[in-house]
$ cat start.json   # JSON, C-alpha atoms and all ligand atoms
[["chain", "number", "residue", "atom", "x", "y", "z"],
["V", 1, "MET", "CA", 23.75, -54.74, -60.58],
["V", 2, "GLY", "CA", 20.01, -55.09, -60.16],
["V", 3, "LEU", "CA", 18.39, -58.45, -59.40],
["V", 4, "LYS", "CA", 16.54, -58.51, -62.72],
["V", 5, "ASP", "CA", 19.78, -58.17, -64.71],
["V", 6, "LEU", "CA", 21.41, -60.84, -62.63],
["V", 7, "LEU", "CA", 18.61, -63.34, -63.24],
["V", 8, "LYS", "CA", 18.05, -62.66, -66.92],
["V", 9, "ASN", "CA", 19.66, -65.96, -67.98],
["V", 10, "VAL", "CA", 17.90, -68.17, -65.44],
["V", 11, "LEU", "CA", 14.30, -66.89, -65.55],
["V", 12, "THR", "CA", 11.79, -66.34, -68.34],
["V", 13, "LYS", "CA", 10.64, -62.81, -69.19],
["V", 14, "GLU", "CA", 7.37, -63.42, -67.39],
["V", 15, "GLU", "CA", 9.14, -64.73, -64.28],
["V", 16, "LEU", "CA", 11.52, -61.78, -64.35],
["V", 17, "SER", "CA", 8.59, -59.37, -64.26],
["V", 18, "LEU", "CA", 7.66, -60.82, -60.84],
["V", 19, "VAL", "CA", 11.13, -60.30, -59.34],
["V", 20, "LYS", "CA", 11.83, -57.26, -57.12],
["V", 21, "ARG", "CA", 14.45, -54.91, -58.47],
["V", 22, "SER", "CA", 16.81, -55.33, -55.50],
["V", 23, "PHE", "CA", 17.29, -57.10, -52.20],
["V", 24, "ASP", "CA", 18.34, -56.07, -48.70],
["V", 25, "GLN", "CA", 21.73, -57.08, -47.41],
["V", 26, "VAL", "CA", 22.28, -57.34, -43.67],
["V", 27, "GLY", "CA", 25.90, -58.18, -42.86],
["V", 28, "SER", "CA", 26.72, -61.22, -44.99],
["V", 29, "ILE", "CA", 23.08, -62.22, -45.48],
["V", 30, "ALA", "CA", 21.07, -61.38, -48.63],
["V", 31, "GLN", "CA", 17.34, -61.15, -47.91],
["V", 32, "LEU", "CA", 15.11, -61.98, -50.87],
["V", 33, "GLU", "CA", 11.40, -61.42, -51.22],
["V", 34, "VAL", "CA", 10.19, -64.28, -53.41],
["V", 35, "PRO", "CA", 6.60, -64.16, -54.70],
["V", 36, "GLU", "CA", 4.57, -67.38, -54.35],
["V", 37, "GLU", "CA", 4.58, -67.85, -58.16],
["V", 38, "LEU", "CA", 8.38, -68.20, -58.11],
["V", 39, "LYS", "CA", 8.57, -70.64, -55.18],
["V", 40, "SER", "CA", 9.81, -73.45, -57.43],
["V", 41, "LYS", "CA", 12.65, -71.19, -58.63],
["V", 42, "GLU", "CA", 13.73, -69.80, -55.25],
["V", 43, "LYS", "CA", 16.82, -72.04, -54.90],
["V", 44, "ILE", "CA", 18.05, -71.17, -58.40],
["V", 45, "ILE", "CA", 17.60, -67.45, -57.68],
["V", 46, "ALA", "CA", 19.36, -67.79, -54.32],
["V", 47, "GLU", "CA", 22.31, -69.71, -55.82],
["V", 48, "LYS", "CA", 22.75, -67.01, -58.45],
["V", 49, "VAL", "CA", 22.83, -64.29, -55.77],
["V", 50, "LEU", "CA", 25.21, -66.28, -53.55],
["V", 51, "HIS", "CA", 27.69, -66.85, -56.36],
["V", 52, "SER", "CA", 27.54, -63.29, -57.70],
["V", 53, "PHE", "CA", 28.57, -61.36, -54.58],
["V", 54, "LYS", "CA", 31.76, -62.18, -52.66],
["V", 55, "ASN", "CA", 30.55, -60.66, -49.40],
["V", 56, "ILE", "CA", 27.30, -62.67, -49.29],
["V", 57, "LYS", "CA", 27.59, -65.95, -47.40],
["V", 58, "THR", "CA", 23.92, -66.81, -46.86],
["V", 59, "VAL", "CA", 20.79, -66.15, -48.90],
["V", 60, "VAL", "CA", 17.44, -66.15, -47.10],
["V", 61, "LYS", "CA", 13.83, -65.57, -48.00],
["V", 62, "LYS", "CA", 11.81, -63.06, -45.98],
["V", 63, "SER", "CA", 8.39, -64.15, -44.75],
["V", 64, "ASP", "CA", 5.48, -61.99, -45.87],
["V", 65, "ILE", "CA", 4.76, -60.27, -42.58],
["V", 66, "THR", "CA", 6.49, -58.77, -39.61],
["V", 67, "GLN", "CA", 5.14, -60.57, -36.58],
["V", 68, "GLY", "CA", 4.13, -59.93, -32.98],
["V", 69, "GLU", "CA", 5.11, -57.29, -30.49],
["V", 70, "TYR", "CA", 8.85, -57.84, -31.09],
["V", 71, "ARG", "CA", 8.25, -56.98, -34.79],
["V", 72, "ILE", "CA", 10.31, -59.86, -36.17],
["V", 73, "ARG", "CA", 10.10, -60.75, -39.85],
["V", 74, "PRO", "CA", 11.30, -64.35, -39.89],
["V", 75, "VAL", "CA", 13.56, -65.58, -42.66],
["V", 76, "LYS", "CA", 14.14, -69.04, -44.14],
["V", 77, "ILE", "CA", 17.63, -70.03, -45.24],
["V", 78, "LEU", "CA", 17.73, -70.92, -48.94],
["V", 79, "VAL", "CA", 21.44, -71.47, -49.58],
["V", 80, "GLY", "CA", 24.85, -70.83, -48.04],
["V", 81, "GLU", "CA", 26.02, -70.87, -44.43],
["V", 82, "LYS", "CA", 23.28, -72.09, -42.11],
["V", 83, "THR", "CA", 23.03, -69.09, -39.83],
["V", 84, "THR", "CA", 20.74, -66.11, -39.39],
["V", 85, "GLU", "CA", 23.21, -64.30, -37.12],
["V", 86, "THR", "CA", 25.44, -61.73, -38.76],
["V", 87, "LEU", "CA", 27.56, -58.62, -38.21],
["V", 88, "HIS", "CA", 26.25, -55.58, -40.04],
["V", 89, "LYS", "CA", 28.11, -52.32, -40.54],
["V", 90, "GLU", "CA", 26.13, -49.13, -40.91],
["V", 91, "ASN", "CA", 27.09, -45.47, -40.52],
["V", 92, "GLY", "CA", 30.36, -46.47, -38.84],
["V", 93, "VAL", "CA", 28.56, -48.65, -36.28],
["V", 94, "LEU", "CA", 28.94, -52.43, -35.88],
["V", 95, "LEU", "CA", 25.70, -54.30, -35.20],
["V", 96, "LYS", "CA", 25.55, -57.97, -34.38],
["V", 97, "LEU", "CA", 22.06, -59.41, -34.68],
["V", 98, "ASP", "CA", 19.99, -62.46, -35.53],
["V", 99, "LEU", "CA", 17.31, -61.89, -38.14],
["V", 100, "ASN", "CA", 15.07, -64.54, -36.57],
["V", 101, "LYS", "CA", 15.35, -63.20, -33.02],
["V", 102, "THR", "CA", 15.33, -59.42, -33.42],
["V", 103, "PHE", "CA", 13.90, -56.67, -35.59],
["V", 104, "PHE", "CA", 16.33, -55.02, -37.96],
["V", 105, "THR", "CA", 16.08, -53.20, -41.29],
["V", 106, "PRO", "CA", 18.98, -51.60, -43.14],
["V", 107, "ARG", "CA", 16.48, -49.31, -44.89],
["V", 108, "LEU", "CA", 16.51, -46.77, -42.06],
["V", 109, "SER", "CA", 20.23, -46.01, -42.17],
["V", 110, "GLY", "CA", 19.74, -42.54, -43.71],
["V", 111, "GLU", "CA", 16.92, -41.74, -41.30],
["V", 112, "ARG", "CA", 19.15, -42.66, -38.37],
["V", 113, "LEU", "CA", 21.72, -40.11, -39.56],
["V", 114, "ARG", "CA", 18.96, -37.50, -39.71],
["V", 115, "VAL", "CA", 18.02, -38.17, -36.09],
["V", 116, "LEU", "CA", 21.70, -38.11, -35.09],
["V", 117, "SER", "CA", 21.98, -34.64, -36.66],
["V", 118, "ARG", "CA", 19.23, -33.39, -34.31],
["V", 119, "ILE", "CA", 21.06, -34.38, -31.11],
["V", 120, "ASN", "CA", 22.69, -31.53, -29.20],
["V", 121, "LYS", "CA", 25.59, -31.45, -26.79],
["V", 122, "GLY", "CA", 24.42, -32.36, -23.28],
["V", 123, "ASP", "CA", 21.14, -33.99, -24.40],
["V", 124, "VAL", "CA", 19.60, -36.89, -22.53],
["V", 125, "VAL", "CA", 18.35, -39.25, -25.26],
["V", 126, "ALA", "CA", 15.82, -42.03, -24.65],
["V", 127, "ASP", "CA", 15.50, -44.73, -27.32],
["V", 128, "LEU", "CA", 12.57, -46.61, -25.82],
["V", 129, "PHE", "CA", 12.28, -49.26, -28.59],
["V", 130, "CYS", "CA", 15.95, -49.56, -29.41],
["V", 131, "GLY", "CA", 16.18, -53.11, -30.82],
["V", 132, "VAL", "CA", 19.84, -54.07, -31.26],
["V", 133, "GLY", "CA", 20.79, -50.38, -31.04],
["V", 134, "PRO", "CA", 21.11, -48.88, -34.54],
["V", 135, "TYR", "CA", 19.89, -45.42, -33.38],
["V", 136, "SER", "CA", 21.17, -45.31, -29.84],
["V", 137, "ILE", "CA", 24.64, -46.76, -30.51],
["V", 138, "LEU", "CA", 25.08, -44.33, -33.41],
["V", 139, "ILE", "CA", 24.09, -41.46, -31.12],
["V", 140, "ALA", "CA", 26.26, -42.63, -28.22],
["V", 141, "LYS", "CA", 29.22, -43.03, -30.58],
["V", 142, "PHE", "CA", 28.99, -39.88, -32.67],
["V", 143, "SER", "CA", 27.09, -37.23, -30.68],
["V", 144, "LYS", "CA", 27.90, -35.24, -27.56],
["V", 145, "ALA", "CA", 24.77, -36.44, -25.77],
["V", 146, "LYS", "CA", 25.22, -36.53, -21.99],
["V", 147, "LYS", "CA", 23.36, -39.80, -21.63],
["V", 148, "VAL", "CA", 21.73, -42.37, -23.92],
["V", 149, "ILE", "CA", 18.99, -44.54, -22.40],
["V", 150, "MET", "CA", 18.46, -47.74, -24.43],
["V", 151, "ASN", "CA", 15.47, -50.01, -23.88],
["V", 152, "ASP", "CA", 13.75, -52.91, -25.58],
["V", 153, "LEU", "CA", 11.22, -55.46, -24.35],
["V", 154, "ASN", "CA", 12.75, -58.30, -26.40],
["V", 155, "LYS", "CA", 15.48, -59.90, -24.30],
["V", 156, "ASN", "CA", 17.23, -61.20, -27.44],
["V", 157, "ALA", "CA", 17.48, -57.63, -28.75],
["V", 158, "VAL", "CA", 19.01, -56.53, -25.43],
["V", 159, "TYR", "CA", 21.44, -59.49, -25.56],
["V", 160, "TYR", "CA", 22.75, -58.24, -28.92],
["V", 161, "LEU", "CA", 22.55, -54.60, -27.82],
["V", 162, "GLU", "CA", 24.93, -55.35, -24.94],
["V", 163, "GLN", "CA", 27.37, -57.03, -27.32],
["V", 164, "ASN", "CA", 27.09, -54.09, -29.71],
["V", 165, "ILE", "CA", 27.88, -51.62, -26.94],
["V", 166, "LYS", "CA", 31.15, -53.50, -26.40],
["V", 167, "LEU", "CA", 31.88, -53.96, -30.12],
["V", 168, "ASN", "CA", 31.59, -50.20, -30.60],
["V", 169, "LYS", "CA", 33.68, -49.46, -27.49],
["V", 170, "LEU", "CA", 31.10, -47.06, -26.08],
["V", 171, "ASP", "CA", 31.72, -45.16, -22.87],
["V", 172, "GLU", "CA", 29.47, -47.17, -20.55],
["V", 173, "LYS", "CA", 29.20, -44.25, -18.10],
["V", 174, "ARG", "CA", 27.04, -42.41, -20.65],
["V", 175, "ILE", "CA", 24.70, -45.36, -21.23],
["V", 176, "GLU", "CA", 21.79, -47.03, -19.45],
["V", 177, "VAL", "CA", 20.36, -50.31, -20.76],
["V", 178, "TYR", "CA", 16.93, -51.68, -19.86],
["V", 179, "ASN", "CA", 14.78, -54.66, -20.84],
["V", 180, "ARG", "CA", 11.36, -53.28, -19.89],
["V", 181, "ASP", "CA", 8.00, -52.28, -21.21],
["V", 182, "ALA", "CA", 8.45, -48.70, -22.48],
["V", 183, "LYS", "CA", 5.23, -47.80, -20.67],
["V", 184, "SER", "CA", 7.00, -48.28, -17.31],
["V", 185, "PHE", "CA", 9.38, -45.30, -17.78],
["V", 186, "LYS", "CA", 9.02, -41.82, -16.40],
["V", 187, "LEU", "CA", 11.98, -39.86, -17.74],
["V", 188, "LYS", "CA", 12.65, -36.24, -18.59],
["V", 189, "ALA", "CA", 14.61, -36.72, -21.79],
["V", 190, "ASP", "CA", 15.55, -33.99, -24.26],
["V", 191, "LYS", "CA", 15.08, -36.36, -27.20],
["V", 192, "VAL", "CA", 12.75, -39.38, -27.22],
["V", 193, "ILE", "CA", 12.93, -41.93, -30.06],
["V", 194, "MET", "CA", 9.65, -43.84, -30.51],
["V", 195, "ASN", "CA", 10.32, -46.36, -33.25],
["V", 196, "ILE", "CA", 7.26, -48.59, -32.91],
["V", 197, "PRO", "CA", 5.27, -47.52, -36.00],
["V", 198, "LYS", "CA", 2.81, -50.42, -36.04],
["V", 199, "PHE", "CA", 1.57, -49.62, -32.51],
["V", 200, "SER", "CA", 2.52, -45.94, -32.37],
["V", 201, "GLU", "CA", -0.81, -44.66, -31.14],
["V", 202, "SER", "CA", -0.85, -46.88, -28.06],
["V", 203, "PHE", "CA", 2.48, -45.35, -26.98],
["V", 204, "LEU", "CA", 1.62, -41.67, -27.47],
["V", 205, "LYS", "CA", 1.14, -41.09, -23.75],
["V", 206, "THR", "CA", 4.51, -42.77, -23.15],
["V", 207, "ALA", "CA", 6.12, -40.35, -25.61],
["V", 208, "PHE", "CA", 4.76, -37.28, -23.81],
["V", 209, "LYS", "CA", 5.45, -38.70, -20.34],
["V", 210, "ASN", "CA", 9.14, -39.25, -21.02],
["V", 211, "CYS", "CA", 9.92, -36.01, -22.85],
["V", 212, "LYS", "CA", 10.73, -32.83, -20.95],
["V", 213, "VAL", "CA", 8.97, -29.58, -21.88],
["V", 214, "GLY", "CA", 10.86, -28.14, -24.84],
["V", 215, "GLY", "CA", 12.21, -31.57, -25.79],
["V", 216, "THR", "CA", 11.65, -33.37, -29.10],
["V", 217, "VAL", "CA", 9.92, -36.66, -29.84],
["V", 218, "PHE", "CA", 10.75, -38.66, -32.99],
["V", 219, "TYR", "CA", 7.45, -40.45, -33.47],
["V", 220, "TYR", "CA", 7.31, -43.19, -36.13],
["V", 221, "THR", "CA", 4.07, -44.31, -37.67],
["V", 222, "PHE", "CA", 2.67, -46.03, -40.79],
["V", 223, "ALA", "CA", 0.20, -44.02, -42.86],
["V", 224, "ASN", "CA", -0.95, -43.06, -46.31],
["V", 225, "ASP", "CA", -1.19, -39.36, -47.09],
["V", 226, "GLU", "CA", -4.76, -39.13, -45.76],
["V", 227, "GLU", "CA", -4.08, -41.12, -42.57],
["V", 228, "LEU", "CA", -1.08, -38.91, -41.85],
["V", 229, "LYS", "CA", -3.45, -36.02, -41.11],
["V", 230, "ASP", "CA", -5.25, -38.22, -38.55],
["V", 231, "ARG", "CA", -1.92, -39.18, -36.95],
["V", 232, "VAL", "CA", -1.08, -35.50, -36.50],
["V", 233, "LYS", "CA", -4.52, -34.88, -34.92],
["V", 234, "GLU", "CA", -3.96, -37.82, -32.53],
["V", 235, "ILE", "CA", -0.62, -36.37, -31.44],
["V", 236, "LYS", "CA", -2.14, -32.93, -30.82],
["V", 237, "ARG", "CA", -4.98, -34.49, -28.83],
["V", 238, "ALA", "CA", -2.50, -36.38, -26.63],
["V", 239, "GLY", "CA", -0.63, -33.30, -25.40],
["V", 240, "ASP", "CA", 0.56, -29.73, -26.03],
["V", 241, "CYS", "CA", 3.06, -29.82, -28.85],
["V", 242, "ARG", "CA", 4.28, -28.23, -32.03],
["V", 243, "ILE", "CA", 4.84, -30.39, -35.11],
["V", 244, "LEU", "CA", 8.37, -29.70, -36.36],
["V", 245, "ARG", "CA", 8.64, -31.93, -39.38],
["V", 246, "LYS", "CA", 7.21, -34.96, -41.17],
["V", 247, "THR", "CA", 9.76, -37.21, -42.86],
["V", 248, "LYS", "CA", 8.83, -39.99, -45.23],
["V", 249, "CYS", "CA", 11.25, -42.82, -44.51],
["V", 250, "GLY", "CA", 10.35, -45.53, -46.97],
["V", 251, "ASP", "CA", 7.27, -47.27, -48.25],
["V", 252, "ILE", "CA", 5.77, -50.33, -46.64],
["V", 253, "GLY", "CA", 3.13, -51.08, -49.29],
["V", 254, "PRO", "CA", 1.36, -49.36, -52.16],
["V", 255, "GLY", "CA", 0.67, -45.78, -51.06],
["V", 256, "THR", "CA", 1.58, -46.47, -47.41],
["V", 257, "TYR", "CA", 4.74, -45.13, -45.85],
["V", 258, "ARG", "CA", 6.78, -45.16, -42.70],
["V", 259, "TRP", "CA", 6.82, -41.59, -41.40],
["V", 260, "CYS", "CA", 8.73, -39.89, -38.66],
["V", 261, "ILE", "CA", 6.78, -37.01, -37.15],
["V", 262, "ASP", "CA", 9.13, -34.84, -35.09],
["V", 263, "PHE", "CA", 7.28, -32.82, -32.48],
["V", 264, "LYS", "CA", 8.29, -30.49, -29.69],
["V", 265, "LYS", "CA", 6.54, -30.88, -26.33],
["V", 266, "LEU", "CA", 5.24, -27.51, -25.13],
["V", 301, "LIG", "C1", 10.22, -51.45, -35.16],
["V", 301, "LIG", "S1", 11.32, -52.19, -33.99],
["V", 301, "LIG", "C2", 12.55, -50.91, -33.89],
["V", 301, "LIG", "C3", 13.89, -51.37, -33.35],
["V", 301, "LIG", "C4", 15.05, -50.39, -33.55],
["V", 301, "LIG", "N1", 14.70, -49.05, -33.12],
["V", 301, "LIG", "C5", 15.54, -50.40, -34.97],
["V", 301, "LIG", "O1", 15.41, -49.37, -35.66],
["V", 301, "LIG", "O2", 16.10, -51.42, -35.42],
["V", 301, "LIG", "C6", 10.38, -52.00, -32.50],
["V", 301, "LIG", "C7", 11.04, -52.58, -31.27],
["V", 301, "LIG", "O3", 10.18, -52.33, -30.14],
["V", 301, "LIG", "C8", 10.27, -53.42, -29.24],
["V", 301, "LIG", "N2", 9.07, -53.37, -28.37],
["V", 301, "LIG", "C9", 7.82, -53.78, -28.66],
["V", 301, "LIG", "N3", 6.98, -53.51, -27.64],
["V", 301, "LIG", "C10", 7.71, -52.89, -26.69],
["V", 301, "LIG", "C11", 7.41, -52.34, -25.41],
["V", 301, "LIG", "N4", 6.18, -52.38, -24.90],
["V", 301, "LIG", "N5", 8.40, -51.75, -24.72],
["V", 301, "LIG", "C12", 9.67, -51.71, -25.23],
["V", 301, "LIG", "N6", 10.03, -52.24, -26.41],
["V", 301, "LIG", "C13", 9.07, -52.80, -27.15],
["V", 301, "LIG", "C14", 10.40, -54.63, -30.14],
["V", 301, "LIG", "O4", 10.99, -55.71, -29.48],
["V", 301, "LIG", "C15", 11.26, -54.08, -31.29],
["V", 301, "LIG", "O5", 12.63, -54.35, -31.09]]

$ encode --input "start.json" --output "structure tokens"
Amino acid sequence: MGLKDLLKNVLTKEELSLVKRSFDQVGSIAQLEVPEELKSKEKIIAEKVLHSFKNIKTVVKKSDITQGEYRIRPVKILVGEKTTETLHKENGVLLKLDLNKTFFTPRLSGERLRVLSRINKGDVVADLFCGVGPYSILIAKFSKAKKVIMNDLNKNAVYYLEQNIKLNKLDEKRIEVYNRDAKSFKLKADKVIMNIPKFSESFLKTAFKNCKVGGTVFYYTFANDEELKDRVKEIKRAGDCRILRKTKCGDIGPGTYRWCIDFKKL
């Protein structure tokens, strides 16, 4: 059921028109985006959501912006259990995380399966901005990669990553975990995952430096259709490569999207 249907008896028609059609669910936490005009109604909305879904234990409100270099979008608890830590299940992977200490969005679950499908037997995979591990744990669990290198600068993300490695019973011989600046690596990976769209350009050199010739980079960036052309030019200026594919993986505002540009280093 959509959020608008659910709230039809508690909000006026005008108020309903301001409500988003749906909400994100991470583990047992429902994440609402409440416009300023509905601030006085946020508790009523949250109560309705909490009591309508058995598997939701906490309802939170997302803040307007994703903040800082750790890319956290803080949440405020509206009703339910007073915790922002939860256990999320996605693509057969268990992910423990805290919404106020780490980045996480469930909206990339399909995109993560796409990247998984590009991993070949024997690949060395480097996920240089891995967060709590939704890409790299999926890949370590379900691909025949030889090694998966997982790194994030946020020590809280690495704390949960290490728990998630255990929760998913990964073969620790195939994994390396780091808590470093991605710029400090010098690898020769077959596949490099660069999921830092907000600052993508400042890590282009890092992408080329850590990918072996013939390897593939999954380069995430934010752009509208026009800016996407500039992003491609920036990539080509940074090193010899062939663009393999551009995948739109969700919108982040009117006309602006999160893209993954896959390119092969030549
Ligand atoms: C957009 S999030 C992506 C996380 C994860 N890949 C996911 O899909 O959930 C970007 C991540 O990059 C990390 N980060 C930011 N700057 C970094 C740096 N210089 N080196 C390594 N990690 C960094 C942040 O802490 C954050 O977890």

$ closest_residue --input "start.json" --among "V:Val148, V:Val158, V:Ala182, V:Leu99" --to "ligand LIG 301 (chain V)" --atoms "only C-alpha atoms and all ligand atoms"
V:Ala182

$ residues_near_ligand --input "start.json" --ligand "ligand LIG 301 (chain V)" --cutoff "6 Å" --atoms "all atoms listed in the file" --output "ChimeraX atom specification"
/V:69-71,103-104,128-131,134,152-154,180-182,195-196

$ residues_near_point --input "start.json" --point "(20.0, -60.8, -50.3)" --cutoff "12 Å" --atoms "all atoms listed in the file" --output "PyMOL selection string"
chain V and resi 2-3+20-34+45-53+55-62+75-80+106

$ closest_residue --input "start.json" --among "V:Asn179, V:Thr84, V:Thr216, V:Asn151" --to "V:Ile119" --atoms "only C-alpha atoms"
V:Thr216

$ residues_near_point --input "start.json" --point "(0.1, -47.4, -47.6)" --cutoff "7 Å" --atoms "all atoms listed in the file" --output "PyMOL selection string"
chain V and resi 223-224+252-257

$ closest_residue --input "start.json" --among "V:Arg112, V:Lys54, V:Lys264, V:Lys209" --to "V:Lys236" --atoms "all atoms listed in the file"
V:Lys264

$ residues_around --input "start.json" --residues "V:Ala238" --least-positions-apart "4" --cutoff "12 Å" --atoms "only C-alpha atoms" --output "PDB file with C-alpha atoms, in the coordinates of the input"
ATOM      1  CA  GLU V 201      -0.810 -44.660 -31.140  1.00  0.00           C
ATOM      2  CA  SER V 202      -0.850 -46.880 -28.060  1.00  0.00           C
ATOM      3  CA  PHE V 203       2.480 -45.350 -26.980  1.00  0.00           C
ATOM      4  CA  LEU V 204       1.620 -41.670 -27.470  1.00  0.00           C
ATOM      5  CA  LYS V 205       1.140 -41.090 -23.750  1.00  0.00           C
ATOM      6  CA  THR V 206       4.510 -42.770 -23.150  1.00  0.00           C
ATOM      7  CA  ALA V 207       6.120 -40.350 -25.610  1.00  0.00           C
ATOM      8  CA  PHE V 208       4.760 -37.280 -23.810  1.00  0.00           C
ATOM      9  CA  LYS V 209       5.450 -38.700 -20.340  1.00  0.00           C
ATOM     10  CA  ARG V 231      -1.920 -39.180 -36.950  1.00  0.00           C
ATOM     11  CA  VAL V 232      -1.080 -35.500 -36.500  1.00  0.00           C
ATOM     12  CA  LYS V 233      -4.520 -34.880 -34.920  1.00  0.00           C
ATOM     13  CA  GLU V 234      -3.960 -37.820 -32.530  1.00  0.00           C
ATOM     14  CA  ARG V 242       4.280 -28.230 -32.030  1.00  0.00           C
ATOM     15  CA  PHE V 263       7.280 -32.820 -32.480  1.00  0.00           C
ATOM     16  CA  LYS V 265       6.540 -30.880 -26.330  1.00  0.00           C
ATOM     17  CA  LEU V 266       5.240 -27.510 -25.130  1.00  0.00           C
TER      18      LEU V 266
END
